[in-house]
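Next comes protein.txt, a file with compact mmCIF, C-alpha atoms.
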# COMPACT_ATOMS: atom_id res chain seq x y z
CA MET A 30 2.55 -7.99 -19.34
CA SER A 31 4.18 -9.89 -16.48
CA LEU A 32 3.22 -8.84 -12.96
CA LYS A 33 4.14 -10.36 -9.62
CA VAL A 34 2.70 -8.90 -6.42
CA THR A 35 4.19 -9.56 -2.97
CA PHE A 36 2.42 -8.31 0.13
CA LEU A 37 5.11 -6.80 2.37
CA GLY A 38 2.63 -5.82 5.05
CA THR A 39 -1.13 -6.24 5.51
CA GLY A 40 -1.76 -4.67 8.92
CA THR A 41 -3.04 -1.38 10.26
CA SER A 42 -1.07 1.58 11.60
CA GLN A 43 -0.40 -0.40 14.80
CA GLY A 44 0.38 -3.68 13.07
CA VAL A 45 -0.68 -7.08 14.42
CA PRO A 46 0.00 -8.10 17.13
CA VAL A 47 -0.77 -4.80 18.80
CA ILE A 48 1.57 -3.81 21.64
CA ALA A 49 0.25 -4.96 25.04
CA CYS A 50 -2.84 -6.62 23.55
CA ALA A 51 -3.80 -10.09 24.75
CA CYS A 52 -6.67 -10.83 22.33
CA ASN A 53 -6.73 -14.19 20.56
CA VAL A 54 -5.55 -12.64 17.28
CA CYS A 55 -2.56 -10.89 18.83
CA LEU A 56 -1.62 -14.10 20.66
CA SER A 57 -2.17 -16.29 17.59
CA GLY A 58 0.61 -18.61 16.48
CA ASP A 59 -0.58 -18.50 12.86
CA ARG A 60 1.95 -16.54 10.80
CA ARG A 61 -0.92 -15.18 8.73
CA ASP A 62 -2.04 -13.24 11.82
CA LYS A 63 1.34 -11.47 12.05
CA ARG A 64 0.85 -8.25 10.09
CA LEU A 65 3.37 -5.47 9.48
CA ARG A 66 2.22 -2.07 8.28
CA THR A 67 0.60 -2.07 4.86
CA SER A 68 2.85 -2.12 1.79
CA VAL A 69 3.14 -4.05 -1.44
CA PHE A 70 5.99 -4.89 -3.84
CA LEU A 71 5.32 -5.05 -7.58
CA GLU A 72 7.54 -6.63 -10.22
CA ALA A 73 5.99 -5.41 -13.46
CA ASP A 74 7.48 -5.48 -16.94
CA GLY A 75 11.01 -5.32 -15.57
CA TYR A 76 10.30 -2.56 -13.03
CA ASN A 77 10.47 -3.04 -9.26
CA ILE A 78 8.03 -0.78 -7.44
CA ILE A 79 6.97 -0.48 -3.81
CA ILE A 80 3.74 1.18 -2.76
CA ASP A 81 4.28 2.98 0.59
CA THR A 82 7.25 2.86 2.94
CA GLY A 83 5.88 2.51 6.45
CA PRO A 84 7.80 2.09 9.73
CA ASP A 85 8.57 -1.55 8.84
CA PHE A 86 10.07 -0.73 5.43
CA ARG A 87 13.63 -1.82 6.22
CA TYR A 88 12.62 -5.17 7.65
CA GLN A 89 10.07 -5.79 4.89
CA VAL A 90 12.68 -5.25 2.17
CA LEU A 91 15.18 -7.52 3.93
CA ARG A 92 12.59 -10.22 4.56
CA ALA A 93 11.45 -10.20 0.92
CA GLY A 94 15.03 -10.20 -0.41
CA ILE A 95 14.50 -7.08 -2.54
CA SER A 96 17.83 -6.05 -4.05
CA ARG A 97 16.69 -3.45 -6.58
CA LEU A 98 14.03 -0.77 -6.42
CA ASP A 99 13.09 1.48 -9.34
CA ALA A 100 10.39 3.66 -7.78
CA ILE A 101 8.11 4.24 -4.80
CA LEU A 102 4.44 5.19 -5.11
CA TYR A 103 2.69 6.84 -2.17
CA THR A 104 -1.00 6.49 -1.43
CA HIS A 105 -1.10 9.26 1.21
CA GLU A 106 0.92 11.04 3.85
CA HIS A 107 0.07 9.22 7.08
CA ARG A 108 3.12 8.05 9.03
CA ASP A 109 2.31 4.36 8.71
CA HIS A 110 2.78 4.86 4.95
CA ILE A 111 5.86 7.14 4.77
CA ALA A 112 7.89 6.72 7.99
CA GLY A 113 10.49 4.30 6.57
CA LEU A 114 11.57 6.49 3.65
CA ASP A 115 15.04 7.18 5.08
CA ASP A 116 16.07 3.59 4.37
CA VAL A 117 16.07 4.15 0.62
CA ARG A 118 19.69 5.22 1.23
CA SER A 119 20.86 1.66 0.69
CA PHE A 120 19.30 1.61 -2.77
CA ASN A 121 20.87 5.02 -3.51
CA PHE A 122 24.30 3.67 -2.67
CA LYS A 123 23.94 0.39 -4.53
CA GLN A 124 22.18 1.72 -7.62
CA LYS A 125 24.09 5.03 -7.72
CA MET A 126 20.93 6.99 -8.41
CA ALA A 127 18.32 9.09 -6.68
CA MET A 128 15.12 7.21 -5.82
CA PRO A 129 12.09 8.29 -7.87
CA ILE A 130 9.09 8.84 -5.59
CA TYR A 131 5.55 9.61 -6.73
CA GLY A 132 2.86 11.25 -4.62
CA ASN A 133 0.30 14.03 -4.60
CA HIS A 134 1.04 17.54 -3.33
CA GLN A 135 0.09 16.74 0.27
CA VAL A 136 2.36 13.69 0.34
CA ILE A 137 5.35 15.59 -1.05
CA GLU A 138 4.87 18.46 1.39
CA GLN A 139 4.62 16.08 4.35
CA ILE A 140 7.78 14.28 3.26
CA LYS A 141 9.56 17.63 3.06
CA ARG A 142 8.48 18.40 6.63
CA GLU A 143 9.21 15.03 8.21
CA PHE A 144 12.44 14.45 6.32
CA HIS A 145 13.50 18.09 6.14
CA TYR A 146 17.19 17.18 6.48
CA ILE A 147 17.07 15.56 3.05
CA PHE A 148 16.32 18.93 1.49
CA GLU A 149 18.43 21.13 3.80
CA SER A 150 21.80 19.38 3.70
CA SER A 151 24.38 18.18 1.23
CA TYR A 152 25.72 15.52 3.61
CA PRO A 153 26.51 12.44 1.51
CA GLY A 154 24.78 9.99 3.87
CA ILE A 155 21.26 11.33 3.45
CA PRO A 156 18.70 9.78 1.08
CA ARG A 157 18.61 11.12 -2.46
CA LEU A 158 15.16 11.51 -3.96
CA GLU A 159 13.80 12.30 -7.40
CA ILE A 160 10.39 13.79 -6.67
CA HIS A 161 7.42 13.45 -8.99
CA GLU A 162 4.27 15.28 -7.89
CA ILE A 163 1.30 13.51 -9.46
CA GLN A 164 -2.27 14.55 -10.14
CA ASN A 165 -5.36 12.44 -10.66
CA GLN A 166 -4.34 11.40 -14.15
CA GLY A 167 -2.22 8.69 -15.67
CA PHE A 168 1.56 8.80 -15.50
CA ALA A 169 4.40 6.40 -16.25
CA VAL A 170 7.21 4.83 -14.27
CA GLY A 171 9.67 4.41 -17.09
CA ASN A 172 7.52 2.74 -19.75
CA LEU A 173 5.06 1.32 -17.22
CA PRO A 174 1.66 3.08 -17.25
CA VAL A 175 0.13 3.84 -13.85
CA LEU A 176 -3.42 5.10 -13.33
CA PRO A 177 -4.17 6.86 -10.01
CA ILE A 178 -7.58 6.29 -8.43
CA ARG A 179 -8.68 9.08 -6.07
CA VAL A 180 -10.55 7.63 -3.11
CA MET A 181 -11.45 9.10 0.29
CA HIS A 182 -10.05 8.18 3.71
CA HIS A 183 -12.78 10.02 5.64
CA LYS A 184 -11.94 13.60 4.57
CA LEU A 185 -8.44 12.85 3.27
CA PRO A 186 -7.90 12.19 -0.45
CA VAL A 187 -5.88 9.00 -1.01
CA PHE A 188 -4.55 7.52 -4.23
CA GLY A 189 -5.10 3.95 -5.18
CA PHE A 190 -3.22 2.73 -8.25
CA ARG A 191 -4.08 0.60 -11.25
CA ILE A 192 -1.35 -1.04 -13.33
CA HIS A 193 -2.86 -2.92 -16.26
CA ASP A 194 -5.27 -5.46 -14.72
CA PHE A 195 -4.12 -4.98 -11.13
CA THR A 196 -5.70 -2.41 -8.79
CA TYR A 197 -4.52 -1.53 -5.29
CA ILE A 198 -6.63 0.56 -2.89
CA THR A 199 -5.88 0.99 0.80
CA ASP A 200 -7.03 3.34 3.58
CA ALA A 201 -10.35 4.11 1.92
CA ASN A 202 -13.96 4.24 3.00
CA TYR A 203 -15.46 5.81 -0.14
CA ILE A 204 -14.82 5.57 -3.88
CA PRO A 205 -16.42 8.36 -5.92
CA GLU A 206 -18.43 7.14 -8.88
CA PRO A 207 -16.09 8.53 -11.58
CA GLU A 208 -13.21 6.68 -9.91
CA PHE A 209 -15.15 3.42 -9.94
CA ASP A 210 -15.01 3.61 -13.73
CA LYS A 211 -11.21 3.38 -13.53
CA VAL A 212 -11.41 0.19 -11.46
CA ARG A 213 -13.95 -1.71 -13.53
CA GLY A 214 -12.49 -4.53 -15.62
CA THR A 215 -9.55 -5.10 -13.31
CA LYS A 216 -8.72 -8.78 -12.83
CA ILE A 217 -7.02 -8.51 -9.44
CA LEU A 218 -8.36 -6.09 -6.83
CA VAL A 219 -6.63 -5.39 -3.52
CA ILE A 220 -8.68 -3.33 -1.08
CA ASN A 221 -8.67 -2.54 2.62
CA ALA A 222 -11.04 -4.36 4.98
CA LEU A 223 -10.31 -3.17 8.50
CA GLN A 224 -12.83 -4.94 10.70
CA LYS A 225 -16.48 -5.97 10.90
CA ASP A 226 -17.69 -3.00 12.94
CA ASP A 227 -18.31 0.41 11.38
CA HIS A 228 -15.30 2.69 11.07
CA LEU A 229 -14.93 6.38 10.30
CA SER A 230 -12.26 6.10 7.61
CA HIS A 231 -11.89 2.49 6.47
CA PHE A 232 -14.04 -0.02 4.65
CA THR A 233 -15.47 -2.70 6.89
CA LEU A 234 -15.45 -6.32 5.79
CA ASN A 235 -18.99 -6.09 4.40
CA GLU A 236 -18.29 -2.77 2.67
CA ALA A 237 -15.19 -4.22 1.03
CA LEU A 238 -17.25 -7.18 -0.17
CA GLU A 239 -19.77 -4.74 -1.66
CA VAL A 240 -16.96 -3.08 -3.62
CA VAL A 241 -15.86 -6.49 -4.89
CA ASP A 242 -19.44 -7.22 -5.99
CA ARG A 243 -19.52 -3.99 -7.98
CA VAL A 244 -16.09 -4.38 -9.58
CA MET A 245 -16.42 -8.14 -10.22
CA PRO A 246 -12.70 -8.93 -10.45
CA GLU A 247 -11.50 -12.45 -11.04
CA LYS A 248 -9.90 -12.36 -7.59
CA ALA A 249 -9.87 -9.93 -4.68
CA TYR A 250 -7.51 -9.69 -1.72
CA PHE A 251 -8.19 -7.77 1.48
CA THR A 252 -5.45 -5.83 3.26
CA HIS A 253 -4.96 -3.20 6.01
CA ILE A 254 -6.47 -5.68 8.46
CA SER A 255 -6.97 -4.98 12.16
CA HIS A 256 -6.74 -7.47 15.00
CA ASN A 257 -10.42 -6.63 15.51
CA LEU A 258 -11.37 -8.45 12.31
CA GLY A 259 -10.62 -11.87 13.78
CA LEU A 260 -8.38 -14.83 13.15
CA HIS A 261 -7.30 -15.37 9.56
CA LYS A 262 -8.46 -18.99 9.55
CA ASP A 263 -11.94 -18.03 10.78
CA ILE A 264 -12.55 -15.06 8.48
CA ALA A 265 -11.27 -16.97 5.45
CA LYS A 266 -14.17 -19.43 5.85
CA GLU A 267 -16.69 -16.59 5.57
CA LEU A 268 -15.45 -15.22 2.24
CA PRO A 269 -16.61 -16.00 -1.32
CA ALA A 270 -14.46 -18.34 -3.37
CA ASN A 271 -12.80 -15.51 -5.32
CA VAL A 272 -11.98 -13.41 -2.22
CA MET A 273 -9.24 -14.01 0.33
CA LEU A 274 -7.44 -12.23 3.13
CA ALA A 275 -3.95 -11.23 2.09
CA TYR A 276 -1.15 -11.94 4.54
CA ASP A 277 2.45 -10.86 4.85
CA GLY A 278 4.66 -12.69 2.36
CA LEU A 279 1.83 -13.77 0.05
CA SER A 280 2.83 -13.55 -3.62
CA ILE A 281 0.51 -13.66 -6.61
CA THR A 282 1.31 -13.60 -10.31
CA LEU A 283 -0.83 -12.29 -13.15

Transcribe the structure of this file into structure tokens.
Amino acid sequence: MSLKVTFLGTGTSQGVPVIACACNVCLSGDRRDKRLRTSVFLEADGYNIIIDTGPDFRYQVLRAGISRLDAILYTHEHRDHIAGLDDVRSFNFKQKMAMPIYGNHQVIEQIKREFHYIFESSYPGIPRLEIHEIQNQGFAVGNLPVLPIRVMHHKLPVFGFRIHDFTYITDANYIPEPEFDKVRGTKILVINALQKDDHLSHFTLNEALEVVDRVMPEKAYFTHISHNLGLHKDIAKELPANVMLAYDGLSITL
């Protein structure tokens, strides 16, 4: 299998820099400290897939030069993960097809509420969607197998996804033991690491490192990073050799 992963965004719901913040991270000139809302682009076995379409979706797609999109996977229904969905219209027009989207029941219902006009009108300029409601069991995007991983974002169930030897988990602070079994053996693990201090609904840096120790991937990348974590160049020095902070625009190939 061929798999290329491009990080479209690696920041929190506010992004980095945060509006009106004058901390050293938000004022940093290092491009690795400039973080749009969390999203990732996968090129796998001939399929182009994006996980989550946050408020920065349009700019992320333009910046990455993405000209074809075969499907969108949704981790959960928070606005920083779904707000940019309307901009799939351009792919509808170019590809002359509805956009397949995959999410659990809560995600689909939230999309129907927030983008109600998609489902209430026949106006030709609205997005066209092909909805797939998924459960906590494997499914396929075309011929590409996808394994959901049900994790917890405080009290909210969130889906991570495993595609062959790549696993992506964001907005989590707990992985139930049966779900850990789905992650074991993965070669590349992407997981959220918000900050060093305790947080109600996200893994801290140390908690994310503990997950890496349990999974033992060849490489791990941290995402959904807050300005509170610190400067990229400083935190990178604290990490094990097989762990790094992801940053916007980073591409990796399996």

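Of the residues listed (A:Ile198, A:Leu283, A:Ala275, A:Ile204), A:Ala275 shows the shortest atom-to-atom separation from A:Asp62; distances use all atoms listed in the file.
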
* What gap, in Å, lies between atom CA of A:Thr82 and atom CA of A:Ile130? ->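 Distance reported for this atom pair: 10.6 Å.
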
* Which residues come within 12 Å of A:Pro84, counting all atoms listed in the file, excluding same-chain residues fewer than 5 positions away, as a PyMOL selection string? -> chain A and resi 37-38+40-44+65-68+89-90+107-116

* Atom pair atom CA of A:Arg213 / atom CA of A:Val187: separation (Å) ->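 Atom-to-atom, atom CA of A:Arg213 to atom CA of A:Val187, that is 18.3 Å.
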
* To do: Compare A:His261, A:His183, A:His228, A:Lys216 by their minimum atom-to-atom distance to A:Tyr203, counting only C-alpha atoms, and give me the closest one.
  =>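 Closest candidate: A:His183.
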
* To do: Kindly provide, as a count of residues only, the polymer residues lying within 12 Å of (-4.8, 5.7, -14.8), counting all atoms listed in the file and using the coordinates exactly as they appear in the file.
  => 31

* Asked: Got a sec: who's within 10 Å of A:Ala73, counting all atoms listed in the file, leaving out chain neighbours fewer than 3 positions off, as a list in words?
  ->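 Near A:Ala73, the qualifying residues are Met30, Ser31, Leu32, Lys33, Val34, Phe70, Tyr76, Asn77, Ile78, Leu173, Ile192, His193, Thr282 and Leu283 of chain A.
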
Repaired coordinates for stretch 149-167 of chain A (N, CA, C and O atoms) as a PDB file, in the frame of the given file:
ATOM      1  N   GLU A 149      17.719  20.004   3.198  1.00  0.00           N
ATOM      2  CA  GLU A 149      18.430  21.130   3.800  1.00  0.00           C
ATOM      3  C   GLU A 149      19.935  20.888   3.905  1.00  0.00           C
ATOM      4  O   GLU A 149      20.665  21.748   4.394  1.00  0.00           O
ATOM      5  N   SER A 150      20.403  19.731   3.495  1.00  0.00           N
ATOM      6  CA  SER A 150      21.800  19.380   3.700  1.00  0.00           C
ATOM      7  C   SER A 150      22.380  18.716   2.461  1.00  0.00           C
ATOM      8  O   SER A 150      21.665  18.091   1.677  1.00  0.00           O
ATOM      9  N   SER A 151      23.685  18.870   2.311  1.00  0.00           N
ATOM     10  CA  SER A 151      24.380  18.180   1.230  1.00  0.00           C
ATOM     11  C   SER A 151      25.208  17.012   1.755  1.00  0.00           C
ATOM     12  O   SER A 151      26.034  16.452   1.040  1.00  0.00           O
ATOM     13  N   TYR A 152      24.984  16.637   3.006  1.00  0.00           N
ATOM     14  CA  TYR A 152      25.720  15.520   3.610  1.00  0.00           C
ATOM     15  C   TYR A 152      25.538  14.267   2.757  1.00  0.00           C
ATOM     16  O   TYR A 152      24.406  13.929   2.365  1.00  0.00           O
ATOM     17  N   PRO A 153      26.614  13.560   2.452  1.00  0.00           N
ATOM     18  CA  PRO A 153      26.510  12.440   1.510  1.00  0.00           C
ATOM     19  C   PRO A 153      25.739  11.232   2.023  1.00  0.00           C
ATOM     20  O   PRO A 153      25.365  10.370   1.237  1.00  0.00           O
ATOM     21  N   GLY A 154      25.467  11.162   3.331  1.00  0.00           N
ATOM     22  CA  GLY A 154      24.780   9.990   3.870  1.00  0.00           C
ATOM     23  C   GLY A 154      23.274  10.078   3.871  1.00  0.00           C
ATOM     24  O   GLY A 154      22.599   9.120   4.270  1.00  0.00           O
ATOM     25  N   ILE A 155      22.718  11.194   3.442  1.00  0.00           N
ATOM     26  CA  ILE A 155      21.260  11.330   3.450  1.00  0.00           C
ATOM     27  C   ILE A 155      20.647  10.691   2.201  1.00  0.00           C
ATOM     28  O   ILE A 155      21.329  10.497   1.194  1.00  0.00           O
ATOM     29  N   PRO A 156      19.362  10.328   2.272  1.00  0.00           N
ATOM     30  CA  PRO A 156      18.700   9.780   1.080  1.00  0.00           C
ATOM     31  C   PRO A 156      18.701  10.797  -0.074  1.00  0.00           C
ATOM     32  O   PRO A 156      18.666  12.011   0.153  1.00  0.00           O
ATOM     33  N   ARG A 157      18.736  10.276  -1.263  1.00  0.00           N
ATOM     34  CA  ARG A 157      18.610  11.120  -2.460  1.00  0.00           C
ATOM     35  C   ARG A 157      17.322  10.737  -3.175  1.00  0.00           C
ATOM     36  O   ARG A 157      17.096   9.567  -3.482  1.00  0.00           O
ATOM     37  N   LEU A 158      16.491  11.737  -3.401  1.00  0.00           N
ATOM     38  CA  LEU A 158      15.160  11.510  -3.960  1.00  0.00           C
ATOM     39  C   LEU A 158      14.988  12.260  -5.272  1.00  0.00           C
ATOM     40  O   LEU A 158      15.490  13.372  -5.444  1.00  0.00           O
ATOM     41  N   GLU A 159      14.253  11.643  -6.163  1.00  0.00           N
ATOM     42  CA  GLU A 159      13.800  12.300  -7.400  1.00  0.00           C
ATOM     43  C   GLU A 159      12.286  12.407  -7.279  1.00  0.00           C
ATOM     44  O   GLU A 159      11.572  11.400  -7.382  1.00  0.00           O
ATOM     45  N   ILE A 160      11.798  13.611  -7.037  1.00  0.00           N
ATOM     46  CA  ILE A 160      10.390  13.790  -6.670  1.00  0.00           C
ATOM     47  C   ILE A 160       9.521  14.029  -7.896  1.00  0.00           C
ATOM     48  O   ILE A 160       9.834  14.871  -8.752  1.00  0.00           O
ATOM     49  N   HIS A 161       8.425  13.285  -7.943  1.00  0.00           N
ATOM     50  CA  HIS A 161       7.420  13.450  -8.990  1.00  0.00           C
ATOM     51  C   HIS A 161       6.072  13.719  -8.315  1.00  0.00           C
ATOM     52  O   HIS A 161       5.508  12.828  -7.677  1.00  0.00           O
ATOM     53  N   GLU A 162       5.583  14.949  -8.447  1.00  0.00           N
ATOM     54  CA  GLU A 162       4.270  15.280  -7.890  1.00  0.00           C
ATOM     55  C   GLU A 162       3.201  14.902  -8.911  1.00  0.00           C
ATOM     56  O   GLU A 162       3.232  15.379 -10.053  1.00  0.00           O
ATOM     57  N   ILE A 163       2.287  14.033  -8.517  1.00  0.00           N
ATOM     58  CA  ILE A 163       1.300  13.510  -9.460  1.00  0.00           C
ATOM     59  C   ILE A 163      -0.084  14.079  -9.184  1.00  0.00           C
ATOM     60  O   ILE A 163      -0.411  14.470  -8.060  1.00  0.00           O
ATOM     61  N   GLN A 164      -0.870  14.126 -10.223  1.00  0.00           N
ATOM     62  CA  GLN A 164      -2.270  14.550 -10.140  1.00  0.00           C
ATOM     63  C   GLN A 164      -3.153  13.322 -10.385  1.00  0.00           C
ATOM     64  O   GLN A 164      -2.655  12.212 -10.564  1.00  0.00           O
ATOM     65  N   ASN A 165      -4.429  13.544 -10.426  1.00  0.00           N
ATOM     66  CA  ASN A 165      -5.360  12.440 -10.660  1.00  0.00           C
ATOM     67  C   ASN A 165      -5.481  12.153 -12.152  1.00  0.00           C
ATOM     68  O   ASN A 165      -6.548  12.288 -12.756  1.00  0.00           O
ATOM     69  N   GLN A 166      -4.377  11.774 -12.740  1.00  0.00           N
ATOM     70  CA  GLN A 166      -4.340  11.400 -14.150  1.00  0.00           C
ATOM     71  C   GLN A 166      -3.165  10.454 -14.359  1.00  0.00           C
ATOM     72  O   GLN A 166      -2.250  10.382 -13.540  1.00  0.00           O
ATOM     73  N   GLY A 167      -3.218   9.714 -15.437  1.00  0.00           N
ATOM     74  CA  GLY A 167      -2.220   8.690 -15.670  1.00  0.00           C
ATOM     75  C   GLY A 167      -0.810   9.252 -15.791  1.00  0.00           C
ATOM     76  O   GLY A 167      -0.602  10.374 -16.248  1.00  0.00           O
TER      77      GLY A 167
END
